[in-house]
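Enquirer: Following this line is entry_22.cif, made up of mmCIF, C-alpha atoms:
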```
data_query
loop_
_atom_site.label_atom_id
_atom_site.label_comp_id
_atom_site.auth_asym_id
_atom_site.auth_seq_id
_atom_site.Cartn_x
_atom_site.Cartn_y
_atom_site.Cartn_z
CA MET A 26 20.05 47.79 35.42
CA PRO A 27 23.52 47.16 33.85
CA ARG A 28 25.92 50.05 33.95
CA VAL A 29 26.50 51.93 30.71
CA PRO A 30 29.95 51.02 29.42
CA TRP A 31 32.64 53.67 29.18
CA PRO A 32 35.72 53.64 26.98
CA LEU A 33 37.69 54.33 30.21
CA PRO A 34 37.63 52.47 33.54
CA PRO A 35 34.80 53.81 35.74
CA ARG A 36 37.12 55.20 38.44
CA LEU A 37 39.26 57.06 35.90
CA ALA A 38 36.15 58.37 34.11
CA ASP A 39 34.74 59.66 37.42
CA LEU A 40 38.03 61.42 38.18
CA LEU A 41 38.17 63.14 34.77
CA ILE A 42 34.51 64.22 34.95
CA ALA A 43 34.98 65.57 38.47
CA ALA A 44 38.05 67.52 37.30
CA VAL A 45 36.21 69.11 34.36
CA VAL A 46 33.22 70.03 36.55
CA ALA A 47 35.59 71.46 39.18
CA VAL A 48 37.16 73.80 36.61
CA PHE A 49 33.85 75.30 35.46
CA THR A 50 32.13 75.33 38.86
CA GLY A 51 35.25 76.67 40.59
CA ALA A 52 35.41 79.56 38.16
CA ASP A 53 31.83 80.44 39.01
CA VAL A 54 32.55 80.18 42.74
CA VAL A 55 35.49 82.56 42.49
CA VAL A 56 33.65 85.24 40.53
CA ASN A 57 30.20 85.96 41.99
CA VAL A 58 27.62 88.57 41.02
CA PRO A 59 28.53 91.96 42.54
CA GLY A 60 26.32 92.86 45.51
CA TYR A 61 25.82 89.24 46.56
CA ARG A 62 27.79 87.06 48.98
CA GLN A 63 31.29 86.35 47.73
CA ALA A 64 33.19 83.10 48.13
CA ASP A 65 34.20 82.21 51.66
CA GLN A 66 34.98 79.10 53.67
CA VAL A 67 31.38 77.83 53.57
CA THR A 68 31.22 78.30 49.80
CA TRP A 69 34.48 76.39 49.25
CA LEU A 70 33.37 73.66 51.65
CA LEU A 71 30.20 73.10 49.63
CA PHE A 72 32.34 73.12 46.49
CA ALA A 73 34.68 70.47 47.90
CA VAL A 74 31.74 68.30 48.98
CA SER A 75 30.14 68.50 45.51
CA ILE A 76 33.32 67.69 43.60
CA GLY A 77 34.30 64.96 46.06
CA ALA A 78 30.90 63.31 45.69
CA LEU A 79 31.34 63.17 41.88
CA LEU A 80 34.29 60.83 42.40
CA PHE A 81 31.70 58.14 43.30
CA ARG A 82 29.29 58.96 40.47
CA SER A 83 29.50 55.54 38.74
CA GLY A 84 29.06 53.39 41.82
CA ARG A 85 26.57 55.39 43.92
CA PRO A 86 24.56 57.69 41.63
CA VAL A 87 21.65 58.15 44.08
CA ALA A 88 23.88 59.13 47.01
CA VAL A 89 25.92 61.45 44.78
CA THR A 90 22.72 63.12 43.57
CA LEU A 91 21.58 63.73 47.15
CA VAL A 92 24.94 65.18 48.20
CA THR A 93 25.39 67.45 45.17
CA GLY A 94 21.74 68.51 45.37
CA ALA A 95 22.15 69.43 49.04
CA ALA A 96 25.32 71.44 48.22
CA CYS A 97 23.53 73.27 45.39
CA ALA A 98 20.62 74.12 47.73
CA GLY A 99 23.11 75.25 50.36
CA TRP A 100 24.71 77.71 47.94
CA ALA A 101 21.31 79.15 47.06
CA LEU A 102 20.21 79.47 50.68
CA TYR A 103 23.60 80.89 51.68
CA GLY A 104 23.23 83.61 49.09
CA HIS A 105 25.95 82.63 46.62
CA ILE A 106 24.51 83.17 43.13
CA GLY A 107 26.09 81.56 40.05
CA GLU A 108 25.18 80.17 36.63
CA LEU A 109 27.25 76.98 36.97
CA LEU A 110 26.85 76.14 40.63
CA ASN A 111 24.23 73.54 39.74
CA LEU A 112 26.58 71.78 37.29
CA PRO A 113 27.63 69.04 39.80
CA VAL A 114 24.04 68.06 40.56
CA MET A 115 23.16 68.13 36.86
CA VAL A 116 26.00 65.66 36.17
CA ALA A 117 24.76 63.49 39.04
CA LEU A 118 21.16 63.58 37.78
CA TYR A 119 22.30 62.56 34.31
CA ALA A 120 24.30 59.63 35.71
CA MET A 121 21.37 58.46 37.81
CA ALA A 122 19.02 58.52 34.80
CA VAL A 123 21.51 56.66 32.59
CA GLN A 124 22.18 53.96 35.20
CA GLY A 125 18.61 53.64 36.48
CA ASP A 126 15.24 52.95 34.93
CA ARG A 127 12.34 55.06 33.74
CA ARG A 128 10.33 54.76 36.96
CA ARG A 129 13.22 56.01 39.07
CA THR A 130 13.87 58.83 36.59
CA VAL A 131 10.26 60.02 36.83
CA ARG A 132 10.27 59.93 40.64
CA THR A 133 13.58 61.78 40.76
CA GLY A 134 12.34 64.40 38.30
CA VAL A 135 9.24 65.14 40.36
CA ILE A 136 11.17 65.35 43.63
CA ALA A 137 13.99 67.46 42.13
CA ALA A 138 11.55 69.89 40.54
CA LEU A 139 9.64 70.36 43.81
CA VAL A 140 12.80 70.77 45.88
CA SER A 141 14.28 73.21 43.38
CA GLY A 142 11.09 75.29 43.39
CA ILE A 143 10.88 75.32 47.19
CA VAL A 144 14.55 76.31 47.54
CA SER A 145 14.04 79.08 44.98
CA VAL A 146 11.07 80.49 46.90
CA ILE A 147 12.87 80.33 50.27
CA ALA A 148 16.01 81.89 48.85
CA GLY A 149 13.98 84.69 47.32
CA LEU A 150 12.15 85.47 50.58
CA ASP A 151 14.83 85.07 53.20
CA VAL A 152 18.15 85.71 51.48
CA VAL A 153 18.25 87.49 48.19
CA GLN A 154 16.07 87.84 45.15
CA PRO A 155 17.38 85.32 42.60
CA GLU A 156 17.38 86.16 38.95
CA GLY A 157 15.29 83.10 37.91
CA ALA A 158 11.60 82.62 38.64
CA PRO A 159 10.52 79.56 40.71
CA VAL A 160 8.86 77.95 37.67
CA LEU A 161 12.09 78.13 35.69
CA GLU A 162 14.06 76.83 38.66
CA MET A 163 11.74 73.80 38.73
CA LEU A 164 12.53 72.97 35.09
CA TRP A 165 16.31 72.86 35.02
CA PRO A 166 16.65 69.53 36.92
CA LEU A 167 14.53 67.91 34.23
CA VAL A 168 17.05 68.69 31.48
CA PRO A 169 19.82 66.27 32.61
CA LEU A 170 17.21 63.67 33.54
CA LEU A 171 15.66 63.77 30.07
CA LEU A 172 19.08 63.64 28.42
CA GLY A 173 20.09 60.65 30.56
CA GLU A 174 16.80 58.91 29.79
CA VAL A 175 17.39 59.32 26.05
CA VAL A 176 20.91 57.92 26.32
CA ARG A 177 19.75 55.02 28.49
CA ALA A 178 16.93 54.18 26.07
CA ARG A 179 19.40 54.21 23.19
CA HIS A 180 21.74 51.81 25.02
CA GLU A 181 18.81 49.51 25.79
CA LEU A 182 17.83 49.56 22.14
CA LEU A 183 21.36 48.69 21.10
CA ARG A 184 21.45 45.84 23.61
CA GLU A 185 18.13 44.57 22.28
CA TYR A 186 19.47 44.69 18.73
CA ALA A 187 22.55 42.77 19.85
CA ALA A 188 20.40 40.19 21.64
CA ARG A 189 18.21 39.78 18.58
CA ALA A 190 21.27 39.33 16.40
CA ALA A 191 22.62 36.71 18.81
CA ARG A 192 19.28 34.89 18.81
CA ALA A 193 19.12 35.02 15.02
CA GLU A 194 22.64 33.64 14.79
CA ALA A 195 21.75 30.85 17.22
CA ASP A 196 18.63 30.07 15.17
CA ARG A 197 20.72 29.95 11.99
CA GLU A 198 23.18 27.58 13.64
CA ARG A 199 20.37 25.33 14.86
CA GLU A 200 18.81 25.33 11.40
CA ALA A 201 22.17 24.49 9.84
CA LEU A 202 22.64 21.62 12.30
CA ARG A 203 19.12 20.41 11.55
CA LYS A 204 19.81 20.41 7.83
CA VAL A 205 23.10 18.60 8.35
CA GLU A 206 21.29 15.97 10.43
CA GLN A 207 18.61 15.59 7.76
CA GLU A 208 21.26 15.22 5.07
CA ARG A 209 23.11 12.67 7.18
CA LEU A 210 19.94 10.62 7.59
CA ARG A 211 19.20 10.91 3.88
CA ILE A 212 22.65 9.66 2.96
CA ALA A 213 22.37 6.85 5.51
CA ARG A 214 19.08 5.76 3.93
CA GLU A 215 20.57 5.91 0.43
CA VAL A 216 23.60 3.85 1.44
CA HIS A 217 21.42 1.34 3.27
CA ASP A 218 19.08 0.94 0.32
CA VAL A 219 21.91 0.50 -2.18
CA VAL A 220 24.03 -1.83 -0.09
CA ALA A 221 21.19 -3.92 1.34
CA HIS A 222 19.56 -4.50 -2.04
CA THR A 223 22.73 -5.16 -3.98
CA VAL A 224 24.40 -7.37 -1.39
CA SER A 225 21.22 -9.42 -0.98
CA ALA A 226 20.97 -9.94 -4.73
CA MET A 227 24.67 -10.72 -5.04
CA THR A 228 24.44 -13.24 -2.19
CA VAL A 229 21.61 -15.11 -3.90
CA GLN A 230 23.40 -15.01 -7.27
CA ALA A 231 26.66 -16.20 -5.73
CA GLY A 232 24.76 -19.09 -4.11
CA VAL A 233 23.29 -20.05 -7.50
CA ALA A 234 26.74 -19.95 -9.05
CA LEU A 235 28.21 -22.09 -6.28
CA ASP A 236 25.48 -24.73 -6.58
CA ALA A 237 25.77 -24.85 -10.41
CA LEU A 238 29.55 -24.59 -10.64
CA ASP A 239 30.14 -28.31 -11.39
CA ALA A 240 26.87 -29.46 -12.94
CA ARG A 241 25.91 -26.35 -14.93
CA PRO A 242 29.00 -24.17 -15.45
CA GLU A 243 27.23 -21.91 -17.97
CA LEU A 244 24.55 -21.03 -15.40
CA ALA A 245 27.29 -20.38 -12.86
CA ARG A 246 29.06 -18.04 -15.27
CA ARG A 247 25.83 -16.13 -15.93
CA ALA A 248 25.24 -15.77 -12.22
CA MET A 249 28.77 -14.51 -11.62
CA ARG A 250 28.44 -12.01 -14.49
CA GLN A 251 25.29 -10.75 -12.83
CA VAL A 252 27.19 -10.48 -9.54
CA ARG A 253 29.83 -8.37 -11.23
CA LEU A 254 27.23 -6.19 -12.95
CA SER A 255 25.35 -5.65 -9.67
CA GLY A 256 28.59 -4.71 -7.95
CA LYS A 257 29.43 -2.12 -10.62
CA GLU A 258 25.97 -0.59 -10.42
CA ALA A 259 26.20 -0.44 -6.62
CA ILE A 260 29.56 1.32 -6.83
CA GLN A 261 28.11 3.90 -9.24
CA GLU A 262 25.18 4.58 -6.94
CA LEU A 263 27.44 4.84 -3.89
CA ARG A 264 29.68 7.31 -5.72
CA ALA A 265 26.67 9.43 -6.60
CA THR A 266 25.44 9.31 -3.01
CA MET A 267 28.82 10.10 -1.48
CA GLY A 268 29.41 12.88 -4.02
CA VAL A 269 27.28 15.22 -1.93
CA LEU A 270 29.85 14.93 0.88
CA ARG A 271 32.66 16.06 -1.43
CA GLY A 272 30.79 18.96 -2.99
CA PRO A 273 30.56 19.55 -6.77
CA ALA A 274 32.15 16.79 -8.79
CA ASP A 275 35.39 17.55 -10.59
CA GLU A 276 36.29 16.33 -14.05
CA ALA A 277 37.53 13.04 -12.67
CA GLY A 278 34.48 12.51 -10.48
CA VAL A 279 31.59 10.22 -11.31
CA THR A 280 28.14 11.38 -10.27
CA ALA A 281 25.08 9.65 -11.60
CA PRO A 282 21.60 11.09 -11.16
CA ALA A 283 19.41 9.69 -8.43
CA PRO A 284 17.24 6.78 -9.66
CA ARG A 285 13.72 7.46 -10.89
CA LEU A 286 10.68 5.36 -11.77
CA GLY A 287 11.91 4.92 -15.33
CA GLU A 288 14.68 2.70 -13.96
CA LEU A 289 12.30 0.18 -12.41
CA PRO A 290 12.78 -2.27 -15.34
CA GLU A 291 16.54 -2.44 -14.63
CA LEU A 292 15.80 -3.00 -10.97
CA ALA A 293 13.33 -5.74 -11.88
CA ASP A 294 15.93 -7.48 -14.08
CA ARG A 295 18.43 -7.57 -11.22
CA VAL A 296 15.75 -9.03 -8.91
CA ARG A 297 14.69 -11.65 -11.48
CA ALA A 298 18.32 -12.74 -11.74
CA THR A 299 17.97 -14.08 -8.19
CA GLY A 300 15.27 -16.49 -9.35
CA LEU A 301 12.27 -14.53 -8.11
CA ARG A 302 9.43 -14.17 -10.60
CA LEU A 303 8.53 -10.48 -10.62
CA THR A 304 5.86 -8.47 -12.41
CA VAL A 305 6.04 -4.68 -12.57
CA HIS A 306 3.25 -2.28 -13.46
CA ALA A 307 3.95 1.46 -13.49
CA ASP A 308 1.44 3.97 -14.81
CA THR A 309 1.72 7.70 -14.14
CA GLY A 310 -0.10 8.78 -17.30
CA ASP A 311 1.23 11.89 -18.96
CA ARG A 312 1.66 13.75 -15.69
CA GLU A 313 5.08 14.70 -14.36
CA VAL A 314 5.95 13.37 -10.92
CA PRO A 315 8.32 15.45 -8.74
CA HIS A 316 11.84 14.08 -8.65
CA LEU A 317 11.84 13.62 -4.88
CA VAL A 318 8.64 11.59 -5.07
CA GLU A 319 10.08 9.39 -7.82
CA LEU A 320 13.24 8.81 -5.78
CA ALA A 321 11.24 7.90 -2.68
CA ALA A 322 8.98 5.55 -4.65
CA TYR A 323 11.99 3.84 -6.29
CA ARG A 324 13.74 3.36 -2.95
CA ILE A 325 10.59 2.01 -1.30
CA VAL A 326 10.18 -0.56 -4.09
CA GLN A 327 13.89 -1.42 -3.88
CA GLU A 328 13.81 -1.94 -0.13
CA ALA A 329 10.58 -3.95 -0.25
CA LEU A 330 12.03 -6.27 -2.91
CA THR A 331 15.24 -6.61 -0.91
CA ASN A 332 13.20 -7.81 2.06
CA VAL A 333 11.35 -10.26 -0.18
CA ILE A 334 14.67 -11.73 -1.32
CA LYS A 335 16.14 -11.85 2.18
CA HIS A 336 13.16 -12.93 4.28
CA ALA A 337 10.06 -13.98 2.37
CA SER A 338 11.04 -17.31 0.73
CA ALA A 339 8.64 -16.17 -1.98
CA ARG A 340 8.36 -17.47 -5.55
CA HIS A 341 6.52 -14.50 -6.99
CA ALA A 342 6.28 -10.78 -6.26
CA ALA A 343 4.40 -7.91 -7.87
CA VAL A 344 5.11 -4.18 -8.00
CA SER A 345 2.44 -1.61 -8.81
CA VAL A 346 3.04 2.14 -9.11
CA THR A 347 0.02 4.21 -10.11
CA LEU A 348 -0.84 7.89 -10.04
CA ALA A 349 -4.38 8.74 -9.01
CA GLY A 350 -5.35 12.31 -8.28
CA ASP A 351 -2.66 13.99 -6.21
CA ARG A 352 -1.28 10.74 -4.71
CA LEU A 353 1.24 8.23 -6.03
CA ALA A 354 0.35 4.72 -4.83
CA VAL A 355 3.23 2.25 -4.49
CA GLU A 356 2.43 -1.40 -3.71
CA VAL A 357 4.74 -4.41 -3.40
CA THR A 358 3.28 -7.85 -2.67
CA ASP A 359 4.69 -11.37 -2.49
CA ASP A 360 3.45 -14.90 -1.92
CA GLY A 361 5.87 -15.84 0.82
CA HIS A 362 4.86 -17.45 4.07
CA PRO A 363 3.72 -15.02 6.79
CA SER A 364 5.97 -16.71 9.32
CA THR A 365 8.99 -15.95 7.16
CA THR A 366 8.10 -12.46 6.01
CA PRO A 367 9.32 -10.19 8.81
CA GLN A 368 9.44 -7.07 6.70
CA GLY A 369 7.32 -5.22 9.21
CA GLY A 370 9.23 -6.49 12.22
CA ALA A 371 12.36 -5.34 13.93
CA HIS A 372 14.76 -6.48 11.16
CA GLY A 373 17.11 -3.59 10.43
CA TYR A 374 16.20 -0.19 9.09
CA GLY A 375 14.22 -1.28 6.01
CA LEU A 376 10.70 -0.34 7.06
CA VAL A 377 11.99 2.56 9.16
CA GLY A 378 13.74 3.99 6.10
CA MET A 379 10.59 3.59 3.99
CA ARG A 380 8.48 5.44 6.53
CA GLU A 381 11.07 8.20 6.92
CA ARG A 382 11.10 8.77 3.18
CA ALA A 383 7.33 8.86 2.98
CA THR A 384 6.90 11.04 6.06
CA ALA A 385 9.43 13.56 4.74
CA LEU A 386 7.12 14.11 1.76
CA GLY A 387 3.88 14.07 3.76
CA GLY A 388 3.04 10.48 2.79
CA THR A 389 2.44 7.20 4.62
CA VAL A 390 3.67 3.59 4.50
CA GLU A 391 1.77 0.50 5.62
CA ALA A 392 3.20 -3.01 5.86
CA GLY A 393 1.72 -6.31 7.01
CA PRO A 394 0.61 -9.82 6.04
CA ARG A 395 -2.07 -10.36 3.44
CA ALA A 396 -5.22 -12.37 4.09
CA VAL A 397 -4.44 -14.62 1.09
CA GLY A 398 -0.87 -15.16 2.23
CA GLY A 399 2.36 -13.34 1.73
CA TRP A 400 3.26 -9.76 2.57
CA ARG A 401 2.16 -6.35 1.38
CA VAL A 402 3.90 -2.97 1.51
CA PHE A 403 1.80 0.02 0.48
CA ALA A 404 2.97 3.64 0.30
CA SER A 405 0.94 6.72 -0.55
CA LEU A 406 2.99 9.75 -1.60
CA PRO A 407 1.64 13.23 -2.40
CA VAL A 408 2.73 14.69 -5.73
CA GLY A 409 1.74 18.31 -5.05
CA GLY A 410 2.51 20.99 -2.47
CA ALA A 411 5.84 20.64 -0.69
CA ALA A 412 6.82 17.57 -2.73
CA ALA A 413 6.67 19.58 -5.94
#
```
If you convert what's in this file into structure tokens, what do you get?
Expert:
Amino acid sequence: MPRVPWPLPPRLADLLIAAVVAVFTGADVVVNVPGYRQADQVTWLLFAVSIGALLFRSGRPVAVTLVTGAACAGWALYGHIGELLNLPVMVALYAMAVQGDRRRTVRTGVIAALVSGIVSVIAGLDVVQPEGAPVLEMLWPLVPLLLGEVVRARHELLREYAARAARAEADREREALRKVEQERLRIAREVHDVVAHTVSAMTVQAGVALDALDARPELARRAMRQVRLSGKEAIQELRATMGVLRGPADEAGVTAPAPRLGELPELADRVRATGLRLTVHADTGDREVPHLVELAAYRIVQEALTNVIKHASARHAAVSVTLAGDRLAVEVTDDGHPSTTPQGGAHGYGLVGMRERATALGGTVEAGPRAVGGWRVFASLPVGGAAA
């Protein structure tokens, strides 16, 4: 059981308490009830033993209780009657209750009450007739024990409150770190999707421009204009993504909203500029799709098309986004060769990012070759519950 803290060092506190008890108990030793034994050498010896024992109250409460209790019983049996002669043992009992536990306090209370009653009876028969009855003499040791138990329980409660506060603070810190990690992963996915898609498209367009530079300069110029346009759009998206790291945008800042399904036609135009024939079908009816679901669906389509451009050697691709019931179905297919469509393999973070986005919303992503040739990416995203 940890010791109850004092505002003073324990040794100094013991000394001050012993001094205060000595003043009150000494006054009672000096002035005794007329007709009873007055103070003599034995009385002062018991007094010195009691006060000296209190100097070790903090470190040895059980031993101090035994010594002061024996001195108090010695006074009673010797015939010295006083109202404050039991003050040293009361201080010792209080200290033992505060520094102990409930089981020890109960045992001490029972033993102290029995000993006090027995001493009262013996003193009344063999020495003098004390003023208090044995039953009352059995009760007074319980007073400091109960007071010490109350104080100890209060300190335990305060320590429990402090421990709970510390645990709550630790939980808040862990939650904050978890949210920071989630935000870091989200930003990493956004940057990957933007950079991977745009750079792949720009690489294809730059290749077209290089091949047509001499024979078809107009085609080369169109391709380079598309490269410039793709670069500007990528910069805008990166600024919007990085804006969350800087906090609220100032007047000079540029923050565009996160892409939604309504921007699929612009995405399709950039993909078609690479030479890939692309068809897009999006039908959500009149229902509103949560923003997070739209963002995830857009990024999944973007990443799937990026993989088609980079890996599939496909001539045609199709995108389908439909809302049925409480699920948004996103499908991207191409007619590339299975041997050159490693979208589901260990090529970067494309498929991993798709699955992370879907899993965060309670959805799923499947990817693999089609029986008729080519590759298929299919995502199912919930539009209710946590997503909303």
Enquirer: As a compact mmCIF listing (two decimals) with C-alpha atoms, in the coordinates of the input, please: the residues near A:Leu109 (cut-off 8 Å, only C-alpha atoms, same-chain neighbours under 2 positions excluded).
Expert:
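New file result.txt:
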```txt
# COMPACT_ATOMS: atom_id res chain seq x y z
CA PHE A 49 33.85 75.30 35.46
CA THR A 50 32.13 75.33 38.86
CA ASP A 53 31.83 80.44 39.01
CA GLY A 107 26.09 81.56 40.05
CA ASN A 111 24.23 73.54 39.74
CA LEU A 112 26.58 71.78 37.29
```
Enquirer: Any idea what the distance is between atom CA of A:Leu244 and atom CA of A:His341?
Expert: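 Interatomic distance, atom CA of A:Leu244 to atom CA of A:His341: 20.9 Å.
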Enquirer: I want to know what sits within 6 Å of stretch 68-80 of chain A, based on all atoms listed in the file, with residues of the same chain fewer than 5 positions away left out; could you give that as a PyMOL selection string?
Expert: chain A and resi 39-40+43+89+93+96
Enquirer: Evaluated on this file, the PyMOL selection byres ((chain A and resi 400-405) around 6) picks out some residues - which ones are they, written as a PyMOL selection string?
Expert: chain A and resi 353-359+388-395+399+406
Enquirer: Just to be explicit: take each residue in the selection above, keep C-alpha atoms, and write the result as a PDB file, in the coordinates of the input.
Expert:
```pdb
ATOM      1  CA  LEU A 353       1.240   8.230  -6.030  1.00  0.00           C
ATOM      2  CA  ALA A 354       0.350   4.720  -4.830  1.00  0.00           C
ATOM      3  CA  VAL A 355       3.230   2.250  -4.490  1.00  0.00           C
ATOM      4  CA  GLU A 356       2.430  -1.400  -3.710  1.00  0.00           C
ATOM      5  CA  VAL A 357       4.740  -4.410  -3.400  1.00  0.00           C
ATOM      6  CA  THR A 358       3.280  -7.850  -2.670  1.00  0.00           C
ATOM      7  CA  ASP A 359       4.690 -11.370  -2.490  1.00  0.00           C
ATOM      8  CA  GLY A 388       3.040  10.480   2.790  1.00  0.00           C
ATOM      9  CA  THR A 389       2.440   7.200   4.620  1.00  0.00           C
ATOM     10  CA  VAL A 390       3.670   3.590   4.500  1.00  0.00           C
ATOM     11  CA  GLU A 391       1.770   0.500   5.620  1.00  0.00           C
ATOM     12  CA  ALA A 392       3.200  -3.010   5.860  1.00  0.00           C
ATOM     13  CA  GLY A 393       1.720  -6.310   7.010  1.00  0.00           C
ATOM     14  CA  PRO A 394       0.610  -9.820   6.040  1.00  0.00           C
ATOM     15  CA  ARG A 395      -2.070 -10.360   3.440  1.00  0.00           C
ATOM     16  CA  GLY A 399       2.360 -13.340   1.730  1.00  0.00           C
ATOM     17  CA  LEU A 406       2.990   9.750  -1.600  1.00  0.00           C
TER      18      LEU A 406
END
```
Enquirer: Provide the atom CA of A:Gly409 to atom CA of A:Asp311 distance in Å, to one decimal place.
Expert: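 Result for atom CA of A:Gly409 versus atom CA of A:Asp311: 15.3 Å, one decimal.
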Enquirer: Applying 10 Å and all atoms listed in the file, which residues near stretch 304-307 of chain A remain after dropping the ones on its own chain fewer than 5 positions away? List them as a count of residues only.
Expert: 18
Enquirer: Between atom CA of A:Gly104 and atom CA of A:Leu41, what is the spacing in Å?
Expert: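 These two atoms are separated by 29.1 Å.
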Enquirer: In terms of the shortest atom-to-atom distance over all atoms listed in the file, which of A:Ala178, A:Met121, A:Ala213, A:Leu164 is closest to A:Glu381?
Expert: A:Ala213
Enquirer: Starting from the PyMOL selection byres ((chain A and resi 247) around 12), expand the selection into actual residues of this file and give them as a PyMOL selection string.
Expert: chain A and resi 230-231+233-235+237-238+241-246+248-254+298-299
Enquirer: Mind dumping the selected residues with C-alpha atoms as a PDB file, keeping the file's coordinate frame?
Expert:
```
ATOM      1  CA  GLN A 230      23.400 -15.010  -7.270  1.00  0.00           C
ATOM      2  CA  ALA A 231      26.660 -16.200  -5.730  1.00  0.00           C
ATOM      3  CA  VAL A 233      23.290 -20.050  -7.500  1.00  0.00           C
ATOM      4  CA  ALA A 234      26.740 -19.950  -9.050  1.00  0.00           C
ATOM      5  CA  LEU A 235      28.210 -22.090  -6.280  1.00  0.00           C
ATOM      6  CA  ALA A 237      25.770 -24.850 -10.410  1.00  0.00           C
ATOM      7  CA  LEU A 238      29.550 -24.590 -10.640  1.00  0.00           C
ATOM      8  CA  ARG A 241      25.910 -26.350 -14.930  1.00  0.00           C
ATOM      9  CA  PRO A 242      29.000 -24.170 -15.450  1.00  0.00           C
ATOM     10  CA  GLU A 243      27.230 -21.910 -17.970  1.00  0.00           C
ATOM     11  CA  LEU A 244      24.550 -21.030 -15.400  1.00  0.00           C
ATOM     12  CA  ALA A 245      27.290 -20.380 -12.860  1.00  0.00           C
ATOM     13  CA  ARG A 246      29.060 -18.040 -15.270  1.00  0.00           C
ATOM     14  CA  ALA A 248      25.240 -15.770 -12.220  1.00  0.00           C
ATOM     15  CA  MET A 249      28.770 -14.510 -11.620  1.00  0.00           C
ATOM     16  CA  ARG A 250      28.440 -12.010 -14.490  1.00  0.00           C
ATOM     17  CA  GLN A 251      25.290 -10.750 -12.830  1.00  0.00           C
ATOM     18  CA  VAL A 252      27.190 -10.480  -9.540  1.00  0.00           C
ATOM     19  CA  ARG A 253      29.830  -8.370 -11.230  1.00  0.00           C
ATOM     20  CA  LEU A 254      27.230  -6.190 -12.950  1.00  0.00           C
ATOM     21  CA  ALA A 298      18.320 -12.740 -11.740  1.00  0.00           C
ATOM     22  CA  THR A 299      17.970 -14.080  -8.190  1.00  0.00           C
TER      23      THR A 299
END
```
Enquirer: Between A:Val377, A:Leu118, A:Leu91, A:Val318, single out the one closest to A:Glu174, counting only C-alpha atoms.
Expert: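 Checking each of A:Val377, A:Leu118, A:Leu91, A:Val318 against A:Glu174, counting only C-alpha atoms, the winner is A:Leu118.
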Enquirer: Using the chain letters and numbering of this document, enumerate as a PyMOL selection string the residues selected by the PyMOL selection byres ((chain A and resi 334) around 10).
Expert: chain A and resi 222+225-226+228-229+296+299-301+328-333+335-340+342+361+366
Enquirer: Write out as a list in words the residues lying within 10 Å of A:Pro166, counting all atoms listed in the file and excluding same-chain residues fewer than 5 positions away.
Expert: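 Counting all atoms listed in the file, the residues come to Gly94, Asn111, Val114, Met115, Leu118, Tyr119, Thr133, Gly134, Val135, Ile136, Ala137, Ala138, Leu139, Val140, Ser141, Leu161 and Leu171 of chain A.
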Enquirer: Emit stretch 41-52 of chain A of the structure in the block as a file comprising N, CA and C atoms, as a short mmCIF file (atom, residue, chain, number, x, y, z; two decimals), in the first residue's frame.
Expert:
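The result, stored in decode-v6.cif:
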```
data_model
loop_
_atom_site.label_atom_id
_atom_site.label_comp_id
_atom_site.auth_asym_id
_atom_site.auth_seq_id
_atom_site.Cartn_x
_atom_site.Cartn_y
_atom_site.Cartn_z
N LEU A 41 6.93 16.81 14.16
CA LEU A 41 5.94 17.82 14.54
C LEU A 41 4.73 17.17 15.21
N ILE A 42 4.27 16.05 14.67
CA ILE A 42 3.12 15.36 15.28
C ILE A 42 3.47 14.89 16.69
N ALA A 43 4.66 14.31 16.84
CA ALA A 43 5.06 13.86 18.18
C ALA A 43 5.14 15.03 19.16
N ALA A 44 5.59 16.20 18.68
CA ALA A 44 5.68 17.37 19.56
C ALA A 44 4.30 17.84 20.00
N VAL A 45 3.36 17.89 19.07
CA VAL A 45 2.00 18.33 19.41
C VAL A 45 1.36 17.35 20.40
N VAL A 46 1.49 16.04 20.12
CA VAL A 46 0.92 15.04 21.02
C VAL A 46 1.58 15.14 22.40
N ALA A 47 2.88 15.39 22.44
CA ALA A 47 3.59 15.50 23.72
C ALA A 47 3.05 16.65 24.56
N VAL A 48 2.69 17.76 23.93
CA VAL A 48 2.16 18.91 24.67
C VAL A 48 0.85 18.54 25.35
N PHE A 49 -0.09 17.96 24.60
CA PHE A 49 -1.40 17.65 25.17
C PHE A 49 -1.32 16.48 26.16
N THR A 50 -0.61 15.42 25.79
CA THR A 50 -0.50 14.27 26.69
C THR A 50 0.31 14.63 27.94
N GLY A 51 1.37 15.40 27.77
CA GLY A 51 2.17 15.81 28.93
C GLY A 51 1.37 16.63 29.91
N ALA A 52 0.49 17.49 29.40
CA ALA A 52 -0.35 18.27 30.31
C ALA A 52 -1.27 17.37 31.11
#
```
